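Notes follow the structure.
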Amino acid sequence: MKLVGLVALLLTTGLCSSPDLLTATVEGGGSQSAKVGEAVQLVIKVTNTGPAIPHLGFVFRTPDRWYERHTMTELGGCIVDTESSALDCGDLASSESRTYTFRGTATTPGSFHYELALRELVQPYHYVNDHHDGPDAQVWDETVTAA
């Protein structure tokens, strides 16, 4: 009987323990204006100030996704993960700093609003710099006009 109680206690404390928070300093943004056919870029510098981040994802949290509005010509070492609405940039070690540069060509005229948050792309899918009211995000608008 004591063994069952001990196992229950261990399971309860293990399930309730909070994970290490993912934290990083994040700087950058994307092109804000272009004409169809012109080169555009998105540059994000990330310095990991917490534990390692497995499969760091740049997740687009608005209907506009930068990689869908442009023909991508450079993915900065990342891959497009359409299922997660993200750019999957692989693992980022603790204390590691990396600059990700994405390049493309503007293909779709219009006004677009982007909101980019960082998240691990493996379960439990924690956001980087998460708060009770949501994660920090890079936010910018872009206007693409006809050539």
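Following the order of the structure tokens, first chain is A, next is B, and so on, with residues numbered from 1 inside each chain and ligands from 1 in the order they appear.
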At a cut-off of 7 Å, using only C-alpha atoms, what residues contact Val139 of chain A? Leave out same-chain residues fewer than 5 positions from it and give the result as number ranges by chain. A: 114-116
When you look at Val122 of chain A with a cut-off of 9 Å (counting only C-alpha atoms), what residues show up, excluding the ones that are within fewer than 5 positions of it in the same chain? I need them as a PyMOL selection string. chain A and resi 54-56
Using the selection just defined, write its residues with C-alpha atoms as a CSV table (one decimal), in the first residue's frame.
chain,number,residue,atom,x,y,z
A,54,PRO,CA,14.9,21.8,-30.1
A,55,HIS,CA,13.8,22.5,-33.6
A,56,LEU,CA,13.6,26.3,-33.3
Counting only C-alpha atoms, what is within 8 Å of Phe112 of chain A, bar same-chain residues fewer than 2 positions away, as a PyMOL selection string? chain A and resi 64+110+114+141-143
Could you save those same residues with C-alpha atoms as a compact mmCIF listing (two decimals), in the first residue's frame?
# COMPACT_ATOMS: atom_id res chain seq x y z
CA ASP A 64 -0.05 36.16 -43.85
CA GLY A 110 -1.03 43.73 -51.53
CA TYR A 114 3.17 39.51 -40.18
CA ASP A 141 3.70 45.26 -42.17
CA GLU A 142 4.72 44.97 -45.79
CA THR A 143 3.25 46.59 -48.88
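Between Thr105 of chain A and the residues A:Val59, A:Ala146, A:Ile53, A:Val36, the shortest atom-to-atom distance, using only C-alpha atoms, involves A:Val36.
The space between atom CA of Gly77 of chain A and atom CA of Thr101 of chain A spans 8.5 Å.
Counting only C-alpha atoms, the residue from A:Phe58, A:Gly50, A:Thr145, A:Leu22 that sits nearest to Thr108 of chain A is A:Thr145.
The gap separating atom CA of Ala93 of chain A from atom CA of Asp136 of chain A is 19.8 Å, in Å to one decimal.
Atom pair atom CA of Gly37 of chain A / atom CA of Gly57 of chain A: separated by 27.3 Å.
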Spatial neighbours of Leu92 of chain A, max dist 10 Å, only C-alpha atoms, sep filter under 2 positions, as a PyMOL selection string: chain A and resi 46-48+51-56+89-90+94-98+120
Those of segment 3-106 of chain A in DSSP alpha helix (DSSP H), formatted as a PDB file with C-alpha atoms, in the first residue's frame:
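Now in part.pdb:
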ATOM      1  CA  LEU A   3       4.447   1.586  -2.529  1.00  0.00           C
ATOM      2  CA  VAL A   4       1.291   2.632  -4.395  1.00  0.00           C
ATOM      3  CA  GLY A   5       1.216   5.908  -2.460  1.00  0.00           C
ATOM      4  CA  LEU A   6       4.889   6.550  -3.200  1.00  0.00           C
ATOM      5  CA  VAL A   7       4.428   5.884  -6.923  1.00  0.00           C
ATOM      6  CA  ALA A   8       1.391   8.193  -7.006  1.00  0.00           C
ATOM      7  CA  LEU A   9       3.365  10.925  -5.243  1.00  0.00           C
ATOM      8  CA  LEU A  10       6.294  10.610  -7.649  1.00  0.00           C
ATOM      9  CA  LEU A  11       4.002  10.713 -10.679  1.00  0.00           C
ATOM     10  CA  THR A  12       2.120  13.725  -9.358  1.00  0.00           C
ATOM     11  CA  THR A  13       5.232  15.774  -8.582  1.00  0.00           C
ATOM     12  CA  GLY A  14       6.835  14.807 -11.872  1.00  0.00           C
ATOM     13  CA  LEU A  15       3.783  15.779 -13.889  1.00  0.00           C
ATOM     14  CA  CYS A  16       3.369  19.084 -12.072  1.00  0.00           C
ATOM     15  CA  TRP A  66       6.142  35.509 -45.376  1.00  0.00           C
ATOM     16  CA  TYR A  67       7.257  32.361 -47.193  1.00  0.00           C
ATOM     17  CA  GLU A  68       3.895  32.190 -49.045  1.00  0.00           C
ATOM     18  CA  ARG A  69       3.942  35.811 -50.255  1.00  0.00           C
TER      19      ARG A  69
END
Who sits within 8 Å of Phe102 of chain A, only C-alpha atoms, same chain under 6 positions skipped, as a PDB file with N, CA and C atoms, in the first residue's frame:
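Result file is selection11.pdb:
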ATOM      1  N   GLN A  41      13.844  40.602 -48.060  1.00  0.00           N
ATOM      2  CA  GLN A  41      14.552  39.770 -47.098  1.00  0.00           C
ATOM      3  C   GLN A  41      13.926  39.872 -45.714  1.00  0.00           C
ATOM      4  N   LEU A  42      14.191  38.848 -44.935  1.00  0.00           N
ATOM      5  CA  LEU A  42      13.786  38.753 -43.543  1.00  0.00           C
ATOM      6  C   LEU A  42      15.031  38.316 -42.782  1.00  0.00           C
ATOM      7  N   VAL A  43      15.445  39.119 -41.795  1.00  0.00           N
ATOM      8  CA  VAL A  43      16.646  38.804 -41.016  1.00  0.00           C
ATOM      9  C   VAL A  43      16.270  38.783 -39.541  1.00  0.00           C
ATOM     10  N   MET A  72      10.773  31.992 -52.463  1.00  0.00           N
ATOM     11  CA  MET A  72      11.933  31.899 -51.577  1.00  0.00           C
ATOM     12  C   MET A  72      13.176  31.533 -52.387  1.00  0.00           C
ATOM     13  N   THR A  73      14.253  32.309 -52.188  1.00  0.00           N
ATOM     14  CA  THR A  73      15.509  32.029 -52.878  1.00  0.00           C
ATOM     15  C   THR A  73      16.614  31.622 -51.906  1.00  0.00           C
ATOM     16  N   GLU A  74      16.464  31.940 -50.621  1.00  0.00           N
ATOM     17  CA  GLU A  74      17.455  31.577 -49.594  1.00  0.00           C
ATOM     18  C   GLU A  74      16.709  31.344 -48.281  1.00  0.00           C
ATOM     19  N   LEU A  75      16.901  30.163 -47.702  1.00  0.00           N
ATOM     20  CA  LEU A  75      16.190  29.804 -46.477  1.00  0.00           C
ATOM     21  C   LEU A  75      17.063  29.876 -45.223  1.00  0.00           C
ATOM     22  N   GLY A  76      18.254  30.418 -45.316  1.00  0.00           N
ATOM     23  CA  GLY A  76      19.090  30.632 -44.144  1.00  0.00           C
ATOM     24  C   GLY A  76      19.388  29.384 -43.334  1.00  0.00           C
TER      25      GLY A  76
END
Could you write out, as a PyMOL selection string, all the residues of chain A that DSSP marks as strand (DSSP E)? chain A and resi 24-30+33-35+39-48+56-60+70-74+79-81+86-88+97-106+110-120+138-145
